[in-house]
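Containing mmCIF, C-alpha atoms: model26.cif.
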```cif
data_structure
#
loop_
_atom_site.label_atom_id
_atom_site.label_comp_id
_atom_site.auth_asym_id
_atom_site.auth_seq_id
_atom_site.Cartn_x
_atom_site.Cartn_y
_atom_site.Cartn_z
CA MET D 25 -1.85 -7.84 16.42
CA ASP D 26 -0.66 -10.92 18.26
CA ASP D 27 2.98 -9.90 18.57
CA GLU D 28 4.82 -10.41 21.84
CA ILE D 29 4.73 -7.66 24.43
CA LEU D 30 7.82 -5.55 24.98
CA SER D 31 9.77 -7.27 27.73
CA THR D 32 12.79 -6.49 29.88
CA PRO D 33 15.69 -8.98 29.77
CA ASP D 34 15.81 -11.44 32.68
CA VAL D 35 12.40 -10.28 33.95
CA PRO D 36 9.61 -12.90 33.99
CA ARG D 37 6.80 -12.24 31.51
CA SER D 38 4.15 -12.12 34.23
CA ALA D 39 6.07 -9.44 36.12
CA ASN D 40 6.48 -7.39 32.95
CA GLU D 41 2.78 -7.63 32.15
CA SER D 42 1.94 -6.51 35.67
CA ALA D 43 4.26 -3.52 35.28
CA GLY D 44 2.97 -2.56 31.83
CA GLY D 45 -0.62 -3.38 32.54
CA PHE D 46 -3.61 -3.39 30.24
CA PRO D 47 -2.75 -0.26 28.14
CA GLN D 48 0.60 -1.71 27.11
CA ARG D 49 -0.92 -5.02 26.08
CA VAL D 50 -3.61 -3.29 24.01
CA PHE D 51 -1.55 -0.56 22.31
CA LEU D 52 2.04 -1.79 22.11
CA LYS D 53 4.12 -4.57 20.66
CA LYS D 54 7.86 -5.00 20.79
CA THR D 55 8.51 -2.66 17.85
CA GLY D 56 6.06 0.04 18.93
CA LEU D 57 2.38 0.72 18.25
CA ARG D 58 0.34 -2.24 17.08
CA THR D 59 -0.66 -2.40 13.42
CA GLY D 60 -4.35 -1.71 13.92
CA TRP D 61 -3.75 1.47 15.92
CA ARG D 62 -1.24 2.78 13.38
CA PHE D 63 -3.77 2.17 10.60
CA LEU D 64 -6.53 3.97 12.52
CA ILE D 65 -4.29 6.93 13.41
CA TYR D 66 -3.22 7.31 9.78
CA THR D 67 -6.85 7.15 8.64
CA ALA D 68 -7.88 9.78 11.20
CA ILE D 69 -5.08 12.16 10.16
CA PHE D 70 -5.98 11.69 6.50
CA PHE D 71 -9.67 12.48 7.05
CA VAL D 72 -8.90 15.56 9.16
CA VAL D 73 -6.53 17.02 6.53
CA TRP D 74 -8.79 15.92 3.66
CA ASN D 75 -11.90 17.57 5.10
CA ALA D 76 -9.98 20.74 5.97
CA SER D 77 -8.62 20.99 2.41
CA GLY D 78 -12.10 20.41 1.00
CA LEU D 79 -13.51 23.27 3.06
CA LEU D 80 -10.67 25.51 1.89
CA ILE D 81 -11.29 24.67 -1.77
CA ASN D 82 -15.00 25.43 -1.39
CA LEU D 83 -14.23 28.76 0.28
CA VAL D 84 -11.81 29.79 -2.46
CA LEU D 85 -13.68 28.54 -5.53
CA GLN D 86 -17.24 28.78 -4.21
CA PRO D 87 -18.49 26.26 -6.81
CA ALA D 88 -22.15 26.31 -7.74
CA ARG D 89 -24.22 23.74 -5.88
CA ASN D 90 -24.80 20.48 -7.79
CA VAL D 91 -22.73 21.73 -10.75
CA PHE D 92 -19.77 19.53 -11.74
CA SER D 93 -16.52 21.46 -12.24
CA LEU D 94 -13.40 19.78 -13.63
CA ALA D 95 -11.23 22.56 -12.18
CA ALA D 96 -12.67 22.00 -8.71
CA GLN D 97 -12.32 18.24 -9.17
CA PHE D 98 -8.67 18.62 -10.16
CA LEU D 99 -7.95 20.66 -7.04
CA ALA D 100 -9.90 18.17 -4.92
CA GLU D 101 -7.91 15.21 -6.28
CA SER D 102 -4.64 17.11 -5.73
CA ALA D 103 -5.63 17.98 -2.15
CA SER D 104 -6.66 14.35 -1.57
CA PHE D 105 -3.24 13.08 -2.61
CA LEU D 106 -1.48 15.67 -0.46
CA SER D 107 -3.72 14.63 2.46
CA ALA D 108 -2.81 10.95 2.05
CA PHE D 109 0.88 11.75 1.58
CA SER D 110 1.14 14.22 4.47
CA ALA D 111 -0.58 11.75 6.80
CA ALA D 112 2.05 9.15 5.81
CA TRP D 113 4.81 11.71 6.40
CA ILE D 114 3.53 12.32 9.93
CA MET D 115 3.39 8.56 10.57
CA SER D 116 6.92 8.16 9.21
CA LEU D 117 8.12 10.59 11.88
CA VAL D 118 6.23 8.71 14.58
CA GLU D 119 7.52 5.33 13.39
CA GLN D 120 11.00 6.66 12.58
CA ARG D 121 10.94 5.16 9.09
CA PRO D 122 11.84 6.72 5.74
CA LEU D 123 8.81 8.00 3.83
CA SER D 124 10.02 6.04 0.81
CA SER D 125 9.20 2.77 2.59
CA TYR D 126 5.50 3.40 1.88
CA GLY D 127 5.77 2.78 -1.86
CA LEU D 128 6.83 6.02 -3.58
CA PRO D 129 10.61 6.32 -3.33
CA ALA D 130 12.05 9.47 -4.85
CA ARG D 131 14.76 7.36 -6.43
CA GLY D 132 13.35 6.09 -9.70
CA SER D 133 10.66 8.78 -9.91
CA PHE D 134 9.10 8.74 -13.39
CA GLY D 135 11.73 6.22 -14.43
CA LYS D 136 11.63 2.82 -16.09
CA LEU D 137 8.87 1.35 -13.91
CA PHE D 138 6.60 4.35 -14.45
CA TRP D 139 6.91 4.23 -18.23
CA GLN D 140 6.46 0.47 -18.30
CA GLY D 141 3.27 0.99 -16.35
CA CYS D 142 2.13 3.63 -18.85
CA ALA D 143 2.77 1.17 -21.68
CA PHE D 144 0.73 -1.53 -19.89
CA GLY D 145 -2.14 0.91 -19.33
CA LEU D 146 -2.28 2.01 -22.97
CA ILE D 147 -1.95 -1.58 -24.20
CA GLU D 148 -4.77 -2.66 -21.88
CA ILE D 149 -7.28 0.00 -22.96
CA SER D 150 -6.28 -0.13 -26.65
CA GLY D 151 -6.49 -3.92 -26.77
CA LEU D 152 -9.78 -3.88 -24.89
CA ILE D 153 -11.38 -1.30 -27.20
CA GLY D 154 -10.02 -3.19 -30.21
CA ILE D 155 -11.67 -6.43 -29.07
CA ILE D 156 -14.96 -4.67 -28.31
CA ALA D 157 -14.85 -3.01 -31.76
CA ALA D 158 -14.19 -6.40 -33.39
CA PHE D 159 -17.47 -7.59 -31.85
CA GLY D 160 -19.24 -4.49 -33.19
CA GLY D 161 -19.55 -2.89 -29.79
CA TYR D 162 -17.52 0.30 -30.26
CA SER D 163 -17.71 3.16 -32.73
CA PHE D 164 -15.18 6.03 -32.62
CA GLY D 165 -17.62 8.58 -34.08
CA SER D 166 -16.74 12.11 -35.14
CA LEU D 167 -14.13 14.32 -33.49
CA ALA D 168 -15.53 16.23 -30.52
CA GLU D 169 -12.57 18.63 -30.16
CA HIS D 170 -10.27 20.29 -32.68
CA GLY D 171 -7.02 22.27 -32.81
CA GLY D 172 -5.97 24.15 -29.69
CA SER D 173 -8.99 22.95 -27.71
CA LEU D 174 -8.02 19.32 -28.37
CA ALA D 175 -4.44 19.96 -27.25
CA ARG D 176 -5.59 21.74 -24.08
CA TRP D 177 -7.91 18.89 -23.11
CA ALA D 178 -5.19 16.32 -23.80
CA LEU D 179 -2.79 18.19 -21.49
CA PHE D 180 -5.46 18.68 -18.85
CA PHE D 181 -6.44 15.02 -18.71
CA SER D 182 -2.79 13.94 -18.69
CA ALA D 183 -2.27 16.00 -15.54
CA PHE D 184 -5.69 15.17 -14.07
CA PHE D 185 -5.33 11.41 -14.28
CA MET D 186 -1.76 11.58 -13.04
CA VAL D 187 -3.05 13.19 -9.86
CA VAL D 188 -5.90 10.66 -9.62
CA ALA D 189 -3.41 7.80 -9.97
CA PHE D 190 -1.09 9.22 -7.31
CA PHE D 191 -3.97 9.70 -4.88
CA GLU D 192 -5.70 6.35 -5.32
CA GLU D 193 -2.53 4.27 -5.51
CA PHE D 194 -0.96 5.88 -2.45
CA LEU D 195 -4.15 5.83 -0.37
CA PHE D 196 -5.03 2.20 -1.07
CA ARG D 197 -1.61 0.67 -1.69
CA GLY D 198 0.79 3.02 0.09
CA TYR D 199 0.88 3.44 3.86
CA THR D 200 -2.33 1.48 4.42
CA LEU D 201 -1.22 -1.67 2.59
CA HIS D 202 2.31 -1.45 4.01
CA THR D 203 0.99 -1.25 7.58
CA LEU D 204 -1.76 -3.85 7.31
CA ALA D 205 0.66 -6.28 5.65
CA GLU D 206 2.84 -6.14 8.75
CA GLY D 207 -0.07 -7.30 10.87
CA ILE D 208 -2.04 -9.76 8.72
CA GLY D 209 0.27 -10.55 5.78
CA PHE D 210 0.60 -9.01 2.34
CA TRP D 211 -2.13 -10.79 0.40
CA PRO D 212 -4.87 -10.62 3.08
CA ALA D 213 -4.10 -6.89 3.34
CA ALA D 214 -4.07 -6.49 -0.47
CA ILE D 215 -7.44 -8.26 -0.78
CA LEU D 216 -8.98 -6.11 1.96
CA MET D 217 -7.73 -2.83 0.47
CA SER D 218 -8.76 -3.87 -3.06
CA VAL D 219 -12.29 -4.71 -1.88
CA ILE D 220 -12.51 -1.29 -0.18
CA PHE D 221 -11.14 0.27 -3.39
CA GLY D 222 -13.88 -1.40 -5.43
CA ALA D 223 -16.64 -0.65 -2.92
CA ILE D 224 -15.85 3.07 -2.95
CA HIS D 225 -16.10 3.13 -6.75
CA LEU D 226 -19.67 1.82 -6.47
CA SER D 227 -20.69 5.31 -5.36
CA ASN D 228 -19.88 6.65 -8.86
CA PRO D 229 -22.92 7.39 -11.06
CA GLY D 230 -23.38 4.57 -13.54
CA GLU D 231 -21.11 2.09 -11.72
CA ASP D 232 -22.45 -1.40 -10.93
CA TRP D 233 -21.24 -4.63 -9.33
CA LYS D 234 -19.43 -5.77 -12.50
CA GLY D 235 -17.48 -2.54 -12.68
CA GLY D 236 -16.77 -2.75 -8.95
CA LEU D 237 -15.48 -6.28 -9.38
CA GLY D 238 -13.22 -5.09 -12.19
CA VAL D 239 -11.83 -2.40 -9.88
CA VAL D 240 -11.14 -5.06 -7.23
CA LEU D 241 -9.26 -7.19 -9.75
CA VAL D 242 -7.13 -4.33 -11.06
CA GLY D 243 -6.44 -3.33 -7.44
CA LEU D 244 -5.10 -6.82 -6.82
CA PHE D 245 -3.00 -6.59 -9.97
CA TRP D 246 -1.50 -3.27 -8.88
CA SER D 247 -0.80 -4.81 -5.47
CA PHE D 248 0.99 -7.63 -7.30
CA THR D 249 3.15 -5.13 -9.22
CA LEU D 250 4.00 -3.43 -5.91
CA LYS D 251 5.09 -6.74 -4.42
CA ARG D 252 7.20 -7.68 -7.43
CA THR D 253 8.75 -4.28 -8.24
CA GLY D 254 9.03 -2.91 -4.70
CA SER D 255 7.32 0.40 -5.49
CA LEU D 256 4.08 1.97 -6.72
CA TRP D 257 5.64 3.66 -9.76
CA PHE D 258 4.50 0.92 -12.17
CA ALA D 259 0.95 1.06 -10.80
CA VAL D 260 0.82 4.88 -10.94
CA GLY D 261 1.87 4.89 -14.60
CA MET D 262 -0.56 2.16 -15.60
CA HIS D 263 -3.44 3.69 -13.65
CA ALA D 264 -2.95 7.14 -15.19
CA ALA D 265 -2.48 5.83 -18.75
CA PHE D 266 -5.53 3.55 -18.64
CA ASP D 267 -7.81 6.31 -17.32
CA PHE D 268 -6.45 8.76 -19.90
CA GLY D 269 -7.05 6.30 -22.72
CA GLU D 270 -10.52 5.36 -21.51
CA THR D 271 -11.75 8.92 -20.91
CA PHE D 272 -9.95 10.99 -23.55
CA LEU D 273 -8.51 8.84 -26.35
CA PHE D 274 -11.44 6.43 -26.72
CA SER D 275 -14.09 8.69 -25.11
CA VAL D 276 -15.97 6.01 -23.19
CA PRO D 277 -17.29 5.87 -19.61
CA ASP D 278 -14.70 5.52 -16.85
CA SER D 279 -16.14 3.77 -13.78
CA GLY D 280 -19.57 4.95 -14.89
CA MET D 281 -18.56 8.58 -15.53
CA VAL D 282 -18.41 10.38 -18.91
CA LEU D 283 -16.39 13.59 -18.57
CA PRO D 284 -16.47 16.59 -20.92
CA GLY D 285 -13.54 17.34 -23.20
CA HIS D 286 -13.09 13.91 -24.79
CA LEU D 287 -11.58 13.29 -28.20
CA SER D 288 -14.57 11.92 -30.10
CA ASN D 289 -18.30 11.27 -29.98
CA ALA D 290 -17.74 7.56 -29.42
CA THR D 291 -20.54 5.09 -28.73
CA LEU D 292 -20.79 1.64 -27.15
CA GLN D 293 -23.49 -0.73 -28.29
CA GLY D 294 -24.26 -4.37 -27.74
CA PRO D 295 -24.33 -6.79 -24.78
CA SER D 296 -22.87 -5.41 -21.57
CA TRP D 297 -20.66 -8.47 -21.13
CA ILE D 298 -18.82 -7.29 -24.25
CA THR D 299 -18.93 -3.50 -23.85
CA GLY D 300 -19.01 -3.25 -20.05
CA GLY D 301 -22.34 -1.40 -20.16
CA ALA D 302 -22.83 1.77 -18.11
CA PRO D 303 -19.60 1.41 -16.07
CA GLY D 304 -17.53 1.34 -19.26
CA PRO D 305 -15.09 -1.13 -20.83
CA GLU D 306 -13.39 -1.89 -17.49
CA ALA D 307 -16.50 -3.98 -16.68
CA SER D 308 -16.18 -5.98 -19.92
CA VAL D 309 -15.36 -9.67 -19.54
CA PHE D 310 -12.43 -9.06 -21.90
CA ASP D 311 -10.79 -6.67 -19.46
CA PHE D 312 -10.83 -9.40 -16.82
CA LEU D 313 -9.09 -11.72 -19.29
CA ILE D 314 -6.49 -9.07 -20.21
CA LEU D 315 -5.68 -8.49 -16.53
CA LEU D 316 -5.22 -12.23 -15.98
CA VAL D 317 -2.75 -12.27 -18.87
CA PHE D 318 -0.99 -9.27 -17.30
CA PHE D 319 -0.55 -11.21 -14.05
CA VAL D 320 1.36 -13.85 -15.99
CA VAL D 321 3.42 -11.28 -17.91
CA VAL D 322 4.48 -9.44 -14.73
CA HIS D 323 5.21 -12.77 -13.04
CA PHE D 324 7.87 -13.48 -15.68
CA LEU D 325 8.93 -9.86 -16.17
CA TYR D 326 9.62 -9.41 -12.45
CA PRO D 327 10.32 -12.84 -10.89
CA ALA D 328 9.78 -13.21 -7.17
CA LYS D 329 12.92 -12.63 -5.15
CA ALA D 330 14.02 -15.25 -2.67
CA THR D 331 13.19 -14.18 0.88
CA PRO D 332 16.16 -14.61 3.23
CA GLN D 333 15.47 -16.96 6.10
CA MET D 334 15.04 -15.22 9.44
CA SER D 335 16.29 -16.51 12.73
CA VAL D 336 13.85 -17.82 15.30
CA ALA D 337 14.53 -14.77 17.48
CA THR D 338 13.74 -12.42 14.58
CA ASN D 339 10.50 -14.24 13.79
CA GLN D 340 9.39 -13.86 17.36
CA ASN D 341 9.91 -10.11 17.24
CA VAL D 342 7.95 -9.36 14.05
#
```

Reformat the file's structure so that it appears as C-alpha cells.
Amino acid sequence: MDDEILSTPDVPRSANESAGGFPQRVFLKKTGLRTGWRFLIYTAIFFVVWNASGLLINLVLQPARNVFSLAAQFLAESASFLSAFSAAWIMSLVEQRPLSSYGLPARGSFGKLFWQGCAFGLIEISGLIGIIAAFGGYSFGSLAEHGGSLARWALFFSAFFMVVAFFEEFLFRGYTLHTLAEGIGFWPAAILMSVIFGAIHLSNPGEDWKGGLGVVLVGLFWSFTLKRTGSLWFAVGMHAAFDFGETFLFSVPDSGMVLPGHLSNATLQGPSWITGGAPGPEASVFDFLILLVFFVVVHFLYPAKATPQMSVATNQNV
C-alpha cells in the first residue's frame, strides 16, 4: 500500500501529484490498482456471485427448511468454488495476468504434486487415528454400510471433498493470498488468511477453539506447500484426502460435523487432548505434532529456491 505513485519521466513528483490528485494517490500505484482495493473488489465479486448461485440452488432444489441435505451441500460447495474461481478470472482480465498465477495452473493438474498431497493427507489421518487408538481413544466399531451402498458413499465423498478442497484452498490461498502477499509480504498474508480460515470454521456445530487452532496451523502448512511447490495442487490433494479419511474411512467428526454415509460406527473416547473431543481428531495434540513433522519433511522435500537479486529500480517499483 505504500508503493510509489505513477510518475511521468522528467516531471517533478510534486507536479505529478498535483496532476493526479487525491484519487490517484488513494487508488493507484505504479503497476495499477493498490493491493487493498484489488482484494476488496475480488471479495465483492465473489460474494455477489456466491449469493446469486445460492439463491439459484434454493429455487431449483427447494430444500426443506432446517433439514441438512448432502446433495444440496455438494451443489453449494461446487457453486462456491466456481464463484471464487470466476471472481479470480475477472480480476485476471483486469490485471492482465494469467489465471494460473493465482495457484491452480492447468499444467500439472492432478499430477505428481496432487498425488503427493493425497498421500500426505492419508498418512496424516491414518497415523493420527493409529496413535489415538494406541491410547485407547478410538474404536472402529461395526460396518455402517455394505455392498453397493458402501461403494456409492465412497465415490460420493471422494467427489464431495475434492470440491471442498478446491473451494477452500482457492478462496483462502489462491487470489486472496497472492494479492495480499504483494502488499504486505507472503507470511503476514498467509497468517492473516489462515486465521480467517480458522475463524470461519468456528461456526461449524461442535467446533471449538482447539479445532479452530488446528485449522489455522494446517492453513499455514498448506501456505508453506504453496510457497515451496509454486502451486495449490499439493494442498488440494492433501486437503481432500484428509477430509475423506476423517469422515468416511475412519468415521469420526470433521471440524465438529458427523456426516451420514460413513464406513463404520466408530467411537472416540477418552481425554479430548488425545481424541480431539467434539471437533474431531484434527483438534488432537497429536495432529499438531504430525503437522510440525510435515513442515520439516516438506522443507527437505522441496528446498527453498534462491531468489534472484532485484535492481534498486525494480525494488522501488514493486

Pro303 of chain D environment, 10 Å, all atoms listed in the file, sequence neighbours closer than 3 positions dropped, as a ChimeraX atom specification:
/D:226,228-236,238,276-282,296,299-300,306-308

Write out as JSON, numbers by chain the residues lying within 8 Å of segment 152-156 of chain D, counting all atoms listed in the file and excluding same-chain residues fewer than 5 positions away.
{"D": [161, 162, 274, 298, 299, 305, 310, 311, 314]}

Selection: 9 Å around Leu128 of chain D, only C-alpha atoms, excl. self and same-chain fewer than 3 positions, as an MDAnalysis selection string:
chainID D and resid 123:125 131:133 194 198 255:257

Suppose a student applies the PyMOL selection byres ((chain D and resi 241) around 9) to this structure; what residues should they get, written as a PyMOL selection string?
chain D and resi 218-219+222+236-240+242-246+312+315-316

So that I can check the surroundings of segment 136-142 of chain D, please list as a list in words every protein, DNA and RNA residue that reaches within 10 Å of it, counting only C-alpha atoms and ignoring chain neighbours fewer than 5 positions away.
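Returned residues: Ile147, Glu148, Trp246, Thr249, Thr253, Ser255, Leu256, Trp257, Phe258, Ala259, Val260, Gly261, Met262, His263, Ala264, Ala265 and Phe266 of chain D.
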
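Distances to Leu283 of chain D were evaluated for D:Phe324, D:Trp74, D:Phe92, D:Tyr66 using all atoms listed in the file, and the minimum falls at D:Phe92.
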
Two-atom distance - atom CA of His202 of chain D, atom CA of Val72 of chain D (Å)
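Computing it gives 21.0 Å between the two atoms.
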
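Across the model, the gap from atom CA of Phe318 of chain D to atom CA of Glu101 of chain D is 27.7 Å.
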
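For the pair atom CA of Thr59 of chain D and atom CA of Phe191 of chain D, the interatomic distance is 22.2 Å.
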